[in-house]
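Please read the structure below before turning to the comments.
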Amino acid sequence: MSIRVGEAAEAPSFQKAALPLLDDTQLRKNVRHATDVITNKRAIVVGEQHDWQQLRSAASAIKEHTLRHLDHYLLQFEAACTAAGGHVHWASDADEANRTIVDLVKQYGGKEVIKVKTMTSDEIGLNKAFEANGIHPHETDLADMIIQLGHDKPSHIVVPALHKNRQQVREIFMQAMGLSELGDKPEDLTNAARHYLREKFLKVGIGFSGANYLLADTGGVCVVESEGNGRMCLTLPDVLITVAGIEKVIPGFRDLEIFLQLLPRSATGERMNPYNSLWTGVHEGDGPQHFHIVLLDNGRTRILADPESRQTLHCIRCGACLNTCPVYRQTGGHAYGSIYAGPIGAILTPQLFDMQHSQSLPYASSLCGACYEVCPVKINIPEVLIHLRGRVVREQQSGANIEAIGMKAMANIFSSRRRFEAAQRLGRIGQWPFVSKGWVKHLPGMLGNWTSVRDLQPMPQQSFRSWWRDRKKSAVAKEKADA
Amino acid sequence: MRISLFITCYNDTLFPETGKYVVRLLERLGHEIDFPLEQTCCGQMHYNTGYQTEAMPLMRRFVEIFEDAEVVCIPSSSCVAMIRDHYPKMAEAAGDPALVQKVNALLPRVYELSELLVNKLGLEDVGAYYPHRVTYHASCHSLRSLHLGDVPLQLLRNVHGIDLVELQNVDQCCGFGGTFAVKNGDVSAAMLSDKLRCVENTRAEVCTAVDNSCLMHIFGGLHRQRTGVKTVHIAEILASTEDEAAQ
């Protein structure tokens, strides 16, 4: 079984990938601006929702319940969707999903596909599979289209081109669409995109989408998007193919009430999402006449098997954790080496990968907890990060590793008062080679990462415990003297 | 009240003055302080870095040393967070029902310093005097784990002579994050740079917090850049009085 998360297998460590991004002035300005705008909008619309915490709890409970009975709900979805005229396919990994989808497109004689924004197709590397088979995928979500036309990579779950500003988008459009003139106002760019996309919408006969929610009771599929381009892909073509992770199923239609309140407020700071598309199978003379859905595992059942981290599968891909994350806000999404960026990416990517790659990701967090605070489905991301760090440490234990040796030595020191006090004494003496003019300004090895931009006060000559002991002694002596 | 002090390993070693201020403050308020010398570390660094097995004996050690305490005071919200958020789960994982019971019995008696003063002892004005321009940095653990809200600020607002100025983006992490600061030194430095800009914009002389770990990080940057701004633990401000200032 080969599980693939985009191109993350070849991705460098977070630390390495972050460096050039930290030096990219334009990118940092763009990321800061975009995340500031979204977090401020979110704060306002969340603040006015008086039952926000109850909504979070309800969503978390629905997800927990569904995942506990996932087998039941998936089979129920399959039966209902099939009864409504849809075709359900199962894929255990990326290759199987890609094969199924490519075969379907070939079966319908298609050479082109119009796509609604879908993270899952990025996860399995579908566009590459399409191109390898002579099929041209057209991204129709504005941001995904910018990424595709600019030969770039997405940097955010909800706003994939957040690292680009208007002027940069204008250049990409001019080059890719062969325009000699184009303004940089939002309406200029929208008009250019509309011209370009309308032609595809009217011409291409196969639509492709992801899914935000699968409804087990009706077999319905729900896609939430802001532009209406998704609605075009979902309604105009004769054939519609959808790929969805198996964790996207919820028990039924009435549960949408919770999620459709939480998602737009969390994702874009909107009270209601502009386009909520919901379809069930096929209907004669109305919309696509052939509907196929591929239900994808690609490592999800393995995540489900781990009670400590299965809450990762609650995620509704709102991106609120990215916008609020002080780490993401510095680097943007490309540092995470996966289409799943930010705090959720830091826990999802290494799990989909079985930790063979991206071992640096669980450490790409200061554990500040801002992600957990905003998560609409209450994923305790810091807790999962710590759990995954434990897994990294256990898997690294085989080799001699300076950090592990140091950590074990420290644990041994902390396990005994005598050893702790001896270490304090040794530290006070041992630090002198590093102290210059009363400060520690250069440390060796990994600790040098501290002193590269920060000074460090040397250890003072007396520990607290030593002061306390002296104080006790003099108090006792005073008592004796007084007596 | 007899208050047992868990000073924390890094305060004991690197910031002994904070401990002295805690003792001075609590004694001034009429409490008896006990400092069990067997104490070392709560295990936070190990636990958060992925060395959960190594943290386990440190958890047992803490529980054994403090299980009979009337009240435990800790001048560090991140260590309190470690104990409150993770000890119950660790004890559960150890499969030791007696330990689970001991942890559950001990937890309600463990307080971060400002929490102890305001929530347990019902104090807001501790009679402190600190005639300086001060800004307060809310550490992540104090905000999102202990949910202290403005508890430390209630104490600071009642300090005589203080010129308290609000820190912009007060809920943003300073970039310390324990081993994060060395494992991801560059990103951490970028986060610190944002924090320093906010601190300097306040034109405060002093930046305070309930955690010396954040303050060590923030001061490391302030000092390297020769800003002249210093960091002090909240205990120092609360322990300072007009009498001493006059001396």
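The chains in the structure tokens are called A, B, ... from first to last as shown; in each chain the residues are counted from 1, and the ligands are counted from 1 in the order shown.
Omitting A:Pro376 and its sequence neighbours fewer than 5 positions away, and counting only C-alpha atoms, the residues within 8 Å are Leu55, Arg56, Ala59, Ser60, Leu262, Leu263 and Ser266 of chain A.
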*Excluding stretch 143-157 of chain B and any residue of its chain fewer than 3 positions from it, enumerate the residues within 8 Å of it, using only C-alpha atoms, and give them as a PyMOL selection string.*
(chain A and resi 368-370+373) or (chain B and resi 77+80-81+85+114-115+118+123-126+136+138-140+162+164+171+210+238)
_Polymer residues at most 9 Å from B:His46, only C-alpha atoms, same-chain spacing of 4 or more positions, as a ChimeraX atom specification_ = /A:407-408,410-411 /B:50-55
Using only C-alpha atoms, please write the residues we just selected to a file, as a CSV table (one decimal), in the first residue's frame.
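Contents of the output file again_5.csv:
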chain,number,residue,atom,x,y,z
A,407,MET,CA,17.2,13.9,27.8
A,408,LYS,CA,17.8,10.6,29.6
A,410,MET,CA,18.5,15.0,32.6
A,411,ALA,CA,15.7,12.7,33.7
B,50,GLY,CA,8.2,13.4,23.4
B,51,TYR,CA,10.1,11.7,26.3
B,52,GLN,CA,6.9,10.7,28.1
B,53,THR,CA,8.5,7.6,29.6
B,54,GLU,CA,11.2,9.7,31.2
B,55,ALA,CA,8.6,12.1,32.6
*Counting only C-alpha atoms, which residues of chain B come no farther than 8 Å from chain A, as a VMD selection string?*
chain B and resid 11 to 17 19 to 20 35 37 to 41 46 to 52 54 to 55 57 to 58 61 140 to 141 144 to 145 172 to 173 175 to 178 180 to 191 216 to 217 219 to 221 223 to 224
*Quick one: DSSP strand (DSSP E) residues in stretch 32-148 of chain B, as a ChimeraX atom specification?*
/B:32-34,71-74,110-112,133-136
Keeping only C-alpha atoms, write the selected residues to a file as a PDB file, in the first residue's frame.
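Output below, filename out_26.pdb:
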ATOM      1  CA  GLU B  32       3.908  29.957  56.597  1.00  0.00           C
ATOM      2  CA  ILE B  33       6.103  28.680  53.766  1.00  0.00           C
ATOM      3  CA  ASP B  34       7.414  25.180  53.451  1.00  0.00           C
ATOM      4  CA  VAL B  71      -1.708  24.062  49.375  1.00  0.00           C
ATOM      5  CA  VAL B  72       1.017  23.971  46.713  1.00  0.00           C
ATOM      6  CA  CYS B  73       2.113  27.272  45.189  1.00  0.00           C
ATOM      7  CA  ILE B  74       3.994  27.299  41.867  1.00  0.00           C
ATOM      8  CA  VAL B 110      -2.131  23.072  43.310  1.00  0.00           C
ATOM      9  CA  TYR B 111      -2.122  26.784  42.415  1.00  0.00           C
ATOM     10  CA  GLU B 112      -0.152  29.111  40.234  1.00  0.00           C
ATOM     11  CA  ARG B 133       6.025  51.732  33.670  1.00  0.00           C
ATOM     12  CA  VAL B 134       5.123  48.056  33.257  1.00  0.00           C
ATOM     13  CA  THR B 135       3.563  45.932  30.535  1.00  0.00           C
ATOM     14  CA  TYR B 136       2.143  42.469  31.131  1.00  0.00           C
TER      15      TYR B 136
END
All residues 10 Å or closer to stretch 131-148 of chain A, only C-alpha atoms, same chain fewer than 5 positions away omitted, as a CSV table (one decimal) with C-alpha atoms, in the first residue's frame:
chain,number,residue,atom,x,y,z
A,102,VAL,CA,-8.7,8.1,-14.4
A,103,ASP,CA,-10.6,5.0,-15.6
A,105,VAL,CA,-12.9,9.7,-17.0
A,106,LYS,CA,-11.6,7.5,-19.9
A,110,GLY,CA,-13.1,12.8,-21.5
A,111,LYS,CA,-9.9,14.6,-22.2
A,112,GLU,CA,-10.6,17.5,-19.8
A,113,VAL,CA,-12.0,17.8,-16.3
A,114,ILE,CA,-13.3,20.9,-14.5
A,115,LYS,CA,-12.5,20.8,-10.8
A,116,VAL,CA,-14.1,22.2,-7.7
A,117,LYS,CA,-11.6,23.0,-4.9
A,118,THR,CA,-10.6,19.7,-3.3
A,126,LEU,CA,-4.7,13.4,-8.8
A,153,LYS,CA,1.8,25.1,-4.6
A,154,PRO,CA,-1.1,25.8,-2.2
A,155,SER,CA,-0.1,27.4,1.1
A,156,HIS,CA,-3.4,27.3,3.0
A,158,VAL,CA,-9.1,27.5,2.6
A,159,VAL,CA,-7.2,30.2,0.7
A,160,PRO,CA,-4.5,28.3,-1.1
A,161,ALA,CA,-3.1,31.4,-2.8
A,162,LEU,CA,-3.0,33.5,0.4
A,164,LYS,CA,0.2,36.0,-3.3
A,168,GLN,CA,1.4,39.0,-8.3
A,169,VAL,CA,-1.9,37.4,-9.3
A,170,ARG,CA,-2.2,40.0,-12.1
A,172,ILE,CA,0.3,35.3,-13.4
A,173,PHE,CA,-3.0,35.9,-15.2
A,176,ALA,CA,-1.0,32.4,-18.5
A,189,LEU,CA,-8.9,40.1,-11.9
A,190,THR,CA,-12.3,38.6,-11.4
A,193,ALA,CA,-10.9,34.7,-14.4
A,194,ARG,CA,-14.6,34.7,-15.4
A,196,TYR,CA,-11.2,32.2,-18.8
A,197,LEU,CA,-13.4,29.9,-16.8
A,198,ARG,CA,-16.8,30.4,-18.5
A,200,LYS,CA,-14.3,25.7,-19.6
A,201,PHE,CA,-17.7,25.5,-17.8
A,204,VAL,CA,-16.0,20.5,-20.5
A,206,ILE,CA,-16.8,16.1,-16.7
A,207,GLY,CA,-16.9,17.7,-13.3
A,208,PHE,CA,-14.8,16.7,-10.4
A,225,GLU,CA,-17.6,27.2,-1.5
A,226,SER,CA,-17.6,30.9,-1.9
A,227,GLU,CA,-17.5,31.7,-5.6
A,228,GLY,CA,-20.2,29.8,-7.4
A,229,ASN,CA,-17.5,28.3,-9.7
A,230,GLY,CA,-18.0,25.1,-7.7
A,232,MET,CA,-21.0,25.5,-12.1
A,233,CYS,CA,-18.8,22.3,-12.0
*Report the residues of stretch 169-393 of chain A whose backbone DSSP state falls under alpha helix (DSSP H), written as a ChimeraX atom specification.*
/A:169-177,186-203,229-235,256-267,300-304,320-324,328-331,342-352,370-374,381-393
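Neighbours of A:Asp238 closer than or equal to 7 Å, with only C-alpha atoms counted and sequence neighbours fewer than 6 positions away skipped, come out as A:Gly205, A:Ile206, A:Gly287, A:Pro288, A:Gln289, A:His290.
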Could you turn the residues from that selection into a file that holds C-alpha atoms, as a compact mmCIF listing (two decimals), in the first residue's frame?
# COMPACT_ATOMS: atom_id res chain seq x y z
CA GLY A 205 -18.33 17.53 -19.88
CA ILE A 206 -16.84 16.06 -16.74
CA GLY A 287 -27.77 18.32 -13.41
CA PRO A 288 -25.22 15.56 -14.04
CA GLN A 289 -26.74 12.31 -15.29
CA HIS A 290 -23.84 10.17 -14.11
*So which one's closest to A:Glu64, A:Val435, A:Cys315, A:Leu234, A:Ala422? Using only C-alpha atoms, please.*
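Closest candidate: A:Cys315.
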*With distances taken over only C-alpha atoms, which of B:Gly228, B:Gly161, B:Pro75, B:Gly43 is nearest to B:Leu116?*
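Nearest to B:Leu116: B:Pro75.
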